[in-house]
Amino acid sequence: CPMLKVRGTEIAFNRGDDVCLKINVYDSEGNPYELQEGDKLFFSAKTKANDKGYAIPPKELEKDVIHIRPEDTYDLPFGTYVYDVQLRTAGGRSSTIIEPSSLVIKESITAFGDR
């Protein structure tokens, strides 16, 4: 999957694209945190942060990479959504790695993955 470059925490890509994003995790002192066995990272997106339903339901990252597949966005209207990334440690603790941030689904004219 091609890696997408991100500015700050905003993610923007065309609807239906196959997108991969590497997530760097740091501890509270700013040092790189190595995921331990049993640690899991989760990505999810909503239309608005306080919505009950998800635009993209929580999905576990593949190691430290968010993989947004074309089918995750095919049916989403173009526009700006809110996403975050959570860490659940093997010991059951939960931490927000990326605070709620913008996820922009841009228009596309033609896509190889059109259904």
# chains A, B, ... in the order shown; residues from 1 in each chain; ligands from 1

call {"tool": "residues_around", "arguments": {"residues": "Val82 in chain A", "least_positions_apart": "2", "cutoff": "7 Å", "atoms": "only C-alpha atoms", "output": "PyMOL selection string"}}
result
chain A and resi 45-49+80+100-103

call {"tool": "closest_residue", "arguments": {"among": "A:Ile105, A:Ile11, A:Ile98, A:Ala90", "to": "Asp75 in chain A", "atoms": "only C-alpha atoms"}}
result
A:Ile105

call {"tool": "select_by_dssp", "arguments": {"residues": "chain A", "states": "strand (DSSP E or B)", "output": "PyMOL selection string"}}
result
chain A and resi 3+7+10-14+19-22+26+32+40-46+56-60+62+65-68+79-88+94-106

call {"tool": "closest_residue", "arguments": {"among": "A:Glu37, A:Glu71, A:Asp64, A:Glu99", "to": "Asn24 in chain A", "atoms": "only C-alpha atoms"}}
result
A:Asp64

call {"tool": "residues_around", "arguments": {"residues": "Arg93 in chain A", "least_positions_apart": "6", "cutoff": "12 Å", "atoms": "only C-alpha atoms", "output": "PyMOL selection string"}}
result
chain A and resi 38-41+86-87

call {"tool": "write_last_selection", "arguments": {"atoms": "all heavy atoms", "output": "short mmCIF file (atom, residue, chain, number, x, y, z; two decimals), in the first residue's frame"}}
result
data_model
loop_
_atom_site.label_atom_id
_atom_site.label_comp_id
_atom_site.auth_asym_id
_atom_site.auth_seq_id
_atom_site.Cartn_x
_atom_site.Cartn_y
_atom_site.Cartn_z
N GLY A 38 0.75 -7.74 22.68
CA GLY A 38 -0.59 -7.55 23.24
C GLY A 38 -1.11 -6.12 23.13
O GLY A 38 -2.29 -5.89 23.31
N ASP A 39 -0.22 -5.14 22.86
CA ASP A 39 -0.67 -3.77 22.63
C ASP A 39 -1.38 -3.70 21.29
O ASP A 39 -0.99 -4.38 20.33
CB ASP A 39 0.51 -2.80 22.58
CG ASP A 39 1.14 -2.53 23.93
OD1 ASP A 39 0.61 -2.99 24.96
OD2 ASP A 39 2.18 -1.84 23.95
N LYS A 40 -2.43 -2.88 21.21
CA LYS A 40 -3.17 -2.73 19.97
C LYS A 40 -3.49 -1.26 19.73
O LYS A 40 -3.86 -0.55 20.66
CB LYS A 40 -4.47 -3.53 20.01
CG LYS A 40 -4.22 -5.01 20.11
CD LYS A 40 -5.50 -5.79 20.14
CE LYS A 40 -5.16 -7.27 20.24
NZ LYS A 40 -6.28 -8.12 20.01
N LEU A 41 -3.32 -0.83 18.49
CA LEU A 41 -3.70 0.51 18.07
C LEU A 41 -4.98 0.42 17.26
O LEU A 41 -5.14 -0.50 16.45
CB LEU A 41 -2.60 1.14 17.21
CG LEU A 41 -1.30 1.51 17.93
CD1 LEU A 41 -0.23 1.88 16.91
CD2 LEU A 41 -1.55 2.67 18.88
N GLN A 86 -6.32 5.32 19.06
CA GLN A 86 -6.23 4.91 20.46
C GLN A 86 -5.25 3.75 20.61
O GLN A 86 -5.16 2.90 19.73
CB GLN A 86 -7.60 4.43 20.95
CG GLN A 86 -8.69 5.46 20.90
CD GLN A 86 -8.67 6.38 22.09
OE1 GLN A 86 -8.27 5.98 23.17
NE2 GLN A 86 -9.08 7.61 21.88
N LEU A 87 -4.56 3.73 21.74
CA LEU A 87 -3.70 2.61 22.11
C LEU A 87 -4.36 1.88 23.26
O LEU A 87 -4.76 2.51 24.25
CB LEU A 87 -2.32 3.10 22.54
CG LEU A 87 -1.41 2.07 23.24
CD1 LEU A 87 -1.01 0.95 22.29
CD2 LEU A 87 -0.18 2.75 23.82
#

call {"tool": "residues_around", "arguments": {"residues": "Asp72 in chain A", "least_positions_apart": "4", "cutoff": "12 Å", "atoms": "only C-alpha atoms", "output": "PyMOL selection string"}}
result
chain A and resi 14-19+44-45+54-59+66-68+76-77+105+113

call {"tool": "select_by_dssp", "arguments": {"residues": "range 12-92 of chain A", "states": "helix (DSSP H, G or I)", "output": "list in words"}}
result
Pro70, Glu71, Asp72 and Thr73 of chain A

call {"tool": "closest_residue", "arguments": {"among": "A:Ala12, A:Val25, A:Ile109, A:Leu35", "to": "Thr96 in chain A", "atoms": "only C-alpha atoms"}}
result
A:Val25

call {"tool": "atom_distance", "arguments": {"atom1": "CA of Asp84 in chain A", "atom2": "CA of Ser108 in chain A"}}
result
24.1 Å

call {"tool": "atom_distance", "arguments": {"atom1": "CA of Ser94 in chain A", "atom2": "CA of Gly53 in chain A"}}
result
20.4 Å

call {"tool": "atom_distance", "arguments": {"atom1": "CA of Thr89 in chain A", "atom2": "CA of Tyr33 in chain A"}}
result
11.7 Å
